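Just query-v1.csv here, CSV, C-alpha atoms:
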```
chain,number,residue,atom,x,y,z
A,1300,MET,CA,16.9,22.7,-29.0
A,1301,ALA,CA,19.0,21.9,-26.0
A,1302,ILE,CA,22.2,19.9,-26.2
A,1303,SER,CA,22.7,17.0,-23.7
A,1304,TYR,CA,26.1,15.4,-23.0
A,1305,LYS,CA,26.2,13.0,-26.0
A,1306,SER,CA,23.2,13.7,-28.2
A,1307,LYS,CA,20.7,16.3,-29.3
A,1308,LEU,CA,17.8,16.8,-27.0
A,1309,TYR,CA,14.7,18.5,-28.3
A,1310,ASP,CA,13.0,21.0,-26.1
A,1311,ARG,CA,9.7,19.0,-25.9
A,1312,GLU,CA,11.7,16.1,-24.4
A,1313,ARG,CA,12.6,18.2,-21.3
A,1314,VAL,CA,9.0,18.7,-20.3
A,1315,PHE,CA,7.2,16.2,-18.1
A,1316,THR,CA,3.5,15.7,-17.5
A,1317,MET,CA,2.3,14.5,-14.1
A,1318,ALA,CA,-1.3,13.2,-14.1
A,1319,VAL,CA,-2.3,13.1,-10.4
A,1320,ASP,CA,-4.9,11.2,-8.4
A,1321,TRP,CA,-5.1,12.6,-4.9
A,1322,TYR,CA,-7.2,11.9,-1.8
A,1323,GLU,CA,-7.1,13.4,1.7
A,1324,ASN,CA,-4.7,11.6,4.0
A,1325,GLN,CA,-3.5,9.2,1.3
A,1326,PRO,CA,-0.2,9.1,-0.7
A,1327,LEU,CA,-0.2,10.9,-4.0
A,1328,GLU,CA,-0.7,8.6,-7.0
A,1329,GLY,CA,-0.4,9.3,-10.7
A,1330,VAL,CA,1.4,8.7,-14.0
A,1331,LEU,CA,4.5,10.5,-15.2
A,1332,TYR,CA,5.0,11.1,-18.9
A,1333,GLN,CA,8.1,12.5,-20.7
A,1334,GLY,CA,7.6,14.9,-23.6
A,1335,SER,CA,4.9,13.8,-26.0
A,1336,GLN,CA,5.3,10.1,-25.3
A,1337,GLN,CA,1.9,8.3,-25.1
A,1338,MET,CA,3.1,5.8,-22.4
A,1339,GLY,CA,4.1,6.9,-19.0
A,1340,VAL,CA,5.0,5.2,-15.7
A,1341,TYR,CA,2.9,4.9,-12.5
A,1342,PHE,CA,4.2,6.2,-9.2
A,1343,THR,CA,2.9,6.2,-5.7
A,1344,GLY,CA,4.0,9.0,-3.4
A,1345,TYR,CA,6.4,11.9,-3.9
A,1346,TYR,CA,9.5,9.7,-3.3
A,1347,GLU,CA,8.6,7.4,-6.2
A,1348,PHE,CA,7.9,10.4,-8.3
A,1349,ALA,CA,11.3,11.9,-7.5
A,1350,TRP,CA,13.0,8.5,-8.2
A,1351,GLN,CA,11.3,8.1,-11.6
A,1352,MET,CA,12.3,11.7,-12.5
A,1353,GLU,CA,15.9,11.0,-11.6
A,1354,GLN,CA,15.8,7.9,-13.8
A,1355,TYR,CA,14.7,10.0,-16.7
A,1356,PHE,CA,17.5,12.6,-16.0
A,1357,THR,CA,20.1,9.8,-16.0
A,1358,LYS,CA,18.8,8.4,-19.3
A,1359,LEU,CA,18.5,11.8,-21.0
A,1360,GLN,CA,21.8,13.0,-19.5
A,1361,TYR,CA,20.0,16.3,-18.9
A,1362,PRO,CA,19.8,18.5,-16.8
A,1363,ARG,CA,23.3,17.9,-15.5
A,1364,SER,CA,23.7,17.4,-11.8
A,1365,VAL,CA,26.3,19.9,-10.4
A,1366,MET,CA,27.1,17.8,-7.4
A,1367,ASP,CA,28.0,14.1,-7.1
A,1368,ARG,CA,25.3,12.2,-5.4
A,1369,ARG,CA,25.8,11.1,-1.8
A,1370,GLU,CA,24.6,7.7,-0.5
A,1371,LEU,CA,23.9,6.5,3.0
A,1372,CYS,CA,24.9,3.0,1.9
A,1373,SER,CA,26.9,1.3,-0.9
A,1374,ILE,CA,24.2,-0.7,-2.6
A,1375,ARG,CA,25.2,-4.0,-4.2
A,1376,GLU,CA,23.5,-4.8,-7.4
A,1377,ASP,CA,22.2,-8.0,-6.1
A,1378,GLY,CA,20.9,-6.3,-3.0
A,1379,MET,CA,18.6,-3.8,-4.7
A,1380,GLN,CA,15.0,-4.9,-5.2
A,1381,ARG,CA,14.1,-5.0,-8.8
A,1382,GLU,CA,12.0,-2.0,-9.8
A,1383,ILE,CA,8.6,-3.0,-11.3
A,1384,VAL,CA,7.8,-0.3,-13.9
A,1385,ARG,CA,4.1,-0.1,-14.5
A,1386,GLU,CA,3.2,1.7,-17.7
A,1387,ALA,CA,0.0,3.6,-18.6
A,1388,GLY,CA,-1.3,5.4,-21.6
A,1389,ARG,CA,-2.2,9.1,-21.7
A,1390,ARG,CA,-4.9,10.2,-19.3
A,1391,ALA,CA,-5.8,13.2,-17.2
A,1392,GLY,CA,-5.4,13.1,-13.4
A,1393,THR,CA,-8.6,13.1,-11.4
A,1394,ALA,CA,-7.1,15.8,-9.1
A,1395,ASP,CA,-5.0,17.7,-11.6
A,1396,THR,CA,-2.5,17.5,-14.3
A,1397,PHE,CA,0.8,19.3,-13.9
A,1398,THR,CA,3.5,20.2,-16.5
A,1399,ILE,CA,7.0,20.2,-15.0
A,1400,ARG,CA,10.2,21.5,-16.5
A,1401,VAL,CA,13.4,20.9,-14.5
A,1402,THR,CA,16.1,23.2,-16.0
A,1403,HIS,CA,18.9,22.9,-13.4
A,1404,ARG,CA,20.0,20.5,-10.7
A,1405,GLN,CA,22.1,22.7,-8.5
A,1406,ASN,CA,22.6,22.5,-4.7
A,1407,ALA,CA,21.8,18.8,-4.8
A,1408,SER,CA,18.2,19.6,-5.8
A,1409,TRP,CA,16.0,20.7,-8.7
A,1410,GLN,CA,15.2,24.1,-10.2
A,1411,GLY,CA,12.5,24.8,-12.8
A,1412,THR,CA,8.8,25.5,-13.3
A,1413,VAL,CA,5.5,23.8,-12.7
A,1414,MET,CA,2.1,24.6,-14.2
A,1415,ASN,CA,-1.3,23.2,-13.3
A,1416,ARG,CA,-4.2,22.5,-15.6
A,1417,ALA,CA,-5.6,26.0,-15.1
A,1418,GLY,CA,-2.4,27.6,-16.4
A,1419,LYS,CA,-1.1,28.8,-13.0
A,1420,THR,CA,2.8,28.7,-13.0
A,1421,PHE,CA,5.2,28.5,-10.2
A,1422,HIS,CA,9.0,28.8,-10.3
A,1423,PHE,CA,10.7,26.5,-7.8
A,1424,SER,CA,14.3,26.6,-6.6
A,1425,SER,CA,14.3,23.2,-4.8
A,1426,PHE,CA,12.4,19.9,-4.7
A,1427,LEU,CA,11.1,21.0,-1.3
A,1428,GLU,CA,9.5,24.1,-2.8
A,1429,LEU,CA,8.0,22.0,-5.6
A,1430,VAL,CA,6.4,19.6,-3.1
A,1431,GLY,CA,5.1,22.5,-1.1
A,1432,TRP,CA,3.5,24.1,-4.1
A,1433,LEU,CA,1.9,20.9,-5.3
A,1434,GLU,CA,0.4,20.2,-1.9
A,1435,THR,CA,-1.1,23.7,-1.5
A,1436,ASP,CA,-2.4,23.5,-5.1
A,1437,LEU,CA,-4.0,20.1,-4.6
A,1438,ARG,CA,-5.5,21.1,-1.3
A,1439,GLY,CA,-6.8,24.4,-2.8
A,1440,ILE,CA,-5.4,26.6,-0.1
A,1441,SER,CA,-3.5,29.9,-0.3
A,1442,GLU,CA,0.2,29.6,-1.1
A,1443,ASN,CA,1.1,32.0,1.7
A,1444,SER,CA,-1.4,30.8,4.4
A,1445,ASP,CA,1.0,28.3,6.0
A,1446,GLN,CA,4.2,30.1,5.1
A,1447,GLU,CA,3.3,33.1,7.2
A,1448,THR,CA,3.3,31.0,10.4
A,1449,GLU,CA,5.6,28.0,9.7
A,1450,THR,CA,9.3,28.1,10.5
A,1451,SER,CA,11.7,26.4,8.1
A,1452,GLN,CA,12.1,23.5,10.5
A,1453,GLN,CA,8.3,23.0,10.7
A,1454,ARG,CA,8.1,23.1,6.9
A,1455,VAL,CA,10.8,20.4,6.5
A,1456,GLU,CA,9.2,18.2,9.2
A,1457,LYS,CA,5.7,18.4,7.6
A,1458,TYR,CA,6.8,17.6,4.1
A,1459,LEU,CA,9.2,14.9,5.2
A,1460,ARG,CA,6.3,13.0,6.7
A,1461,ILE,CA,4.2,13.5,3.6
A,1462,VAL,CA,7.0,12.4,1.1
A,1463,MET,CA,8.3,9.4,3.0
A,1464,SER,CA,4.8,8.2,4.3
A,1465,CYS,CA,6.5,6.8,7.4
A,1466,PRO,CA,4.3,5.0,9.9
A,1467,GLU,CA,6.4,5.8,12.9
A,1468,VAL,CA,7.8,9.3,13.5
A,1469,MET,CA,9.1,10.6,16.8
A,1470,LYS,CA,10.6,13.9,17.9
A,1471,VAL,CA,13.3,13.0,20.5
A,1472,LEU,CA,14.8,16.4,20.7
A,1473,PRO,CA,13.6,19.8,19.4
A,1474,ASP,CA,15.9,19.5,16.4
A,1475,THR,CA,16.0,15.7,15.9
A,1476,LEU,CA,13.4,13.5,14.2
A,1477,VAL,CA,13.3,9.7,14.3
A,1478,TYR,CA,11.8,7.7,11.4
A,1479,ARG,CA,11.3,4.0,11.8
A,1480,PHE,CA,10.3,1.6,9.0
A,1481,ARG,CA,9.4,-2.1,9.8
A,1482,LYS,CA,9.4,-5.3,7.7
A,1483,GLU,CA,9.1,-8.9,8.9
A,1484,LYS,CA,10.0,-8.0,12.6
A,1485,LYS,CA,13.0,-6.0,11.5
A,1486,SER,CA,13.3,-2.3,11.4
A,1487,GLN,CA,15.3,0.6,9.8
A,1488,THR,CA,15.6,3.6,12.0
A,1489,PHE,CA,16.9,7.0,10.9
A,1490,MET,CA,17.8,9.9,13.2
A,1491,ILE,CA,17.5,13.2,11.2
A,1492,ARG,CA,18.9,16.5,12.3
A,1493,PRO,CA,18.3,19.4,9.9
A,1494,MET,CA,20.8,22.2,10.9
A,1495,PHE,CA,20.7,24.8,8.1
A,1496,TYR,CA,18.0,26.0,5.7
A,1497,GLU,CA,19.8,27.5,2.7
A,1498,HIS,CA,18.7,27.6,-1.0
A,1499,ASN,CA,15.0,27.0,0.0
A,1500,THR,CA,15.9,23.5,1.2
A,1501,CYS,CA,17.7,22.0,4.2
A,1502,GLN,CA,21.1,20.7,5.2
A,1503,GLY,CA,22.0,18.5,8.1
A,1504,SER,CA,22.9,14.9,9.1
A,1505,ILE,CA,21.2,11.6,9.0
A,1506,TYR,CA,22.2,8.6,11.2
A,1507,TRP,CA,21.2,5.1,10.3
A,1508,LYS,CA,20.9,3.3,13.7
A,1509,GLU,CA,20.9,-0.4,12.6
A,1510,HIS,CA,24.0,0.0,10.5
A,1511,ARG,CA,25.7,2.7,12.5
A,1512,LYS,CA,26.3,5.0,9.6
A,1513,GLN,CA,26.1,8.8,9.5
A,1514,VAL,CA,26.2,11.0,6.4
A,1515,SER,CA,25.6,14.8,5.9
A,1516,PHE,CA,22.9,15.7,3.4
A,1517,ARG,CA,22.9,18.9,1.4
A,1518,SER,CA,19.2,19.1,0.5
A,1519,PHE,CA,15.7,17.7,1.2
A,1520,LEU,CA,15.9,15.8,-2.0
A,1521,GLU,CA,19.2,14.2,-1.1
A,1522,LEU,CA,17.8,13.3,2.3
A,1523,ILE,CA,14.8,11.4,0.9
A,1524,ASN,CA,17.0,9.7,-1.7
A,1525,MET,CA,19.3,8.4,1.0
A,1526,MET,CA,16.4,7.1,3.1
A,1527,GLY,CA,14.6,5.6,0.2
A,1528,ALA,CA,17.6,3.8,-1.2
A,1529,ALA,CA,18.5,2.3,2.2
A,1530,ILE,CA,14.9,1.0,2.7
A,1531,ARG,CA,14.7,-0.4,-0.8
A,1532,ASP,CA,18.1,-2.2,-0.5
A,1533,ARG,CA,17.2,-5.8,0.3
A,1534,SER,CA,20.7,-6.5,1.7
A,1535,SER,CA,20.3,-3.8,4.3
A,1536,TRP,CA,17.5,-5.9,5.8
A,1537,GLU,CA,19.2,-9.2,5.4
A,1538,GLU,CA,22.4,-8.1,7.0
A,1539,GLN,CA,20.8,-6.3,9.8
A,1540,ALA,CA,21.3,-9.0,12.4
A,1541,ASP,CA,25.1,-9.0,11.7
A,1542,VAL,CA,25.6,-5.3,12.3
A,1543,ILE,CA,23.4,-4.5,15.3
```
Could you express the structure from this file as structure tokens?
Amino acid sequence: MAISYKSKLYDRERVFTMAVDWYENQPLEGVLYQGSQQMGVYFTGYYEFAWQMEQYFTKLQYPRSVMDRRELCSIREDGMQREIVREAGRRAGTADTFTIRVTHRQNASWQGTVMNRAGKTFHFSSFLELVGWLETDLRGISENSDQETETSQQRVEKYLRIVMSCPEVMKVLPDTLVYRFRKEKKSQTFMIRPMFYEHNTCQGSIYWKEHRKQVSFRSFLELINMMGAAIRDRSSWEEQADVI
């Protein structure tokens, strides 16, 4: 039995089950269950999966995050879109069912193990590694086939496209990506420059064009959390005309 900050936490409560529906060239979909609970929450895409997991970590107060979270913007409570949590009962994923155990949250990322329905287990040292393993397992390809030829930069670029499901991606410089999201004739544009690739993840800077803000990120997970929070913040779209 593990001990969280303020209460006792049984080992089974630290294990998550991810029932996945997956189709070629479409965002990942599924249901996430905590422990032995019969009801879980729906998610669409890896970003929503990560967001739901972070909500569980906050509620459980385990595992402890070693680093304070960085934000690209200060989100006002009235500016955040209300999250609609859709629940579902226990089921198996049509593509696969994964058992995930996150034991640490170091280097602004996750560390732990993931096991598929066939019992194959992988130890990941970052969220980026977890996404990479899930993708290769779902596609039924060799874990080392891409890694032998991919550079760290190419790997980050590939999985960033998959995780964020962005409709517009441009490469303006060899080391700089531009991601643009649109809504009601307004846009949110992010210039991303990964510079280092330590701890099996990436570090660099992100510049939010419409709001003229730049922040350094310490991991792939922190990068997608920054982008996702900015996009989901209603006030960031409403105030756009005043800041451009």
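With distances taken over all atoms listed in the file, A:Val1401 is the one residue among A:Val1401, A:Met1469, A:Ala1391, A:Val1455 lying closest to Glu1312 in chain A.
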Which residues of range 1325-1422 of chain A sit at most 10 Å from range 1429-1433 of chain A, using only C-alpha atoms? Give each one's shortest atom pair and distance in Å (one decimal place), in chain and ascending residue order, as CSV.
```
residue,atom,partner,partner_atom,distance
A:Tyr1345,CA,A:Val1430,CA,7.7
A:Asp1395,CA,A:Leu1433,CA,9.9
A:Phe1397,CA,A:Leu1433,CA,8.8
A:Ile1399,CA,A:Leu1429,CA,9.6
A:Trp1409,CA,A:Leu1429,CA,8.7
A:Gln1410,CA,A:Leu1429,CA,8.8
A:Gly1411,CA,A:Leu1429,CA,8.9
A:Thr1412,CA,A:Leu1429,CA,8.5
A:Val1413,CA,A:Leu1429,CA,7.7
A:Met1414,CA,A:Leu1433,CA,9.6
A:Asn1415,CA,A:Leu1433,CA,8.9
A:Phe1421,CA,A:Trp1432,CA,7.7
A:His1422,CA,A:Leu1429,CA,8.3
```
query = Out of A:Gln1336, A:Thr1393, A:Gln1487, A:Thr1475, which residue has the shortest atom-to-atom distance to Arg1533 in chain A when counting only C-alpha atoms?
reply = A:Gln1487
Enclosing box along x, y and z for every listed atom of range 1484-1500 of chain A, padded 4 Å each side, centre and size in Å, one decimal, as JSON:
```
{"center_x": 15.4, "center_y": 9.8, "center_z": 6.1, "size_x": 18.8, "size_y": 43.6, "size_z": 22.2}
```
remark   = Nearest to Thr1488 in chain A, restricted to all atoms listed in the file and choosing among A:Ile1461, A:Met1526, A:Ile1440, A:Cys1372, comes out as A:Met1526
ask   = In Å, how far is it from CA of Glu1456 in chain A to CA of Pro1493 in chain A?
value =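 Going from CA of Glu1456 in chain A over to CA of Pro1493 in chain A covers 9.2 Å.
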message = When you look at Phe1342 in chain A with a cut-off of 8 Å (counting only C-alpha atoms), what residues show up, excluding the ones that are within fewer than 5 positions of it in the same chain? I need them as a ChimeraX atom specification.
response = /A:1328-1331,1347-1348,1351
key: 10 Å contact set for Tyr1346 in chain A, all atoms listed in the file, chain neighbours under 3 positions out, as an NGL selection string   = :A and (1327 or 1342-1343 or 1349-1352 or 1459 or 1461-1464 or 1520 or 1523-1524 or 1526-1527)
For CA of Arg1517 in chain A and CA of Ala1407 in chain A, the interatomic separation in Å (one decimal) =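 Interatomic distance here is 6.3 Å.
Remark: for Gln1452 in chain A, the closest of the candidate residues A:Phe1495, A:Phe1315, A:Tyr1341, A:Tyr1322 is A:Phe1495 (distances computed over only C-alpha atoms).
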task = Can you work out the spacing between CA of Tyr1309 in chain A and CA of Gly1392 in chain A in Å, to one decimal?
result =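 Atom-to-atom, CA of Tyr1309 in chain A and CA of Gly1392 in chain A are spaced 25.6 Å apart.
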ask   = Pick from A:Gln1325, A:Thr1450, A:Gln1360, A:Ser1486: nearest to Leu1308 in chain A, with all atoms listed in the file counted?
value =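 Counting all atoms listed in the file, the residue closest to Leu1308 in chain A is A:Gln1360.
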request  = Kindly indicate which residue among A:Phe1489, A:Ser1364, A:Arg1313, A:Glu1428 lies nearest to Arg1511 in chain A, using all atoms listed in the file for the distances.
outcome  =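 Going through A:Phe1489, A:Ser1364, A:Arg1313, A:Glu1428 one by one, the smallest distance to Arg1511 in chain A is for A:Phe1489.
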ask   = Within 12 Å of Val1471 in chain A, counting all atoms listed in the file, which residues qualify if same-chain residues fewer than 6 places away don't, as a PyMOL selection string?
value = chain A and resi 1477-1478+1489-1492
request  = Find the residues around Gln1405 in chain A up to 9 Å (all atoms listed in the file counted), leave out those fewer than 6 positions away in its own chain, and share them as a PyMOL selection string.
outcome  = chain A and resi 1363-1366+1424-1425
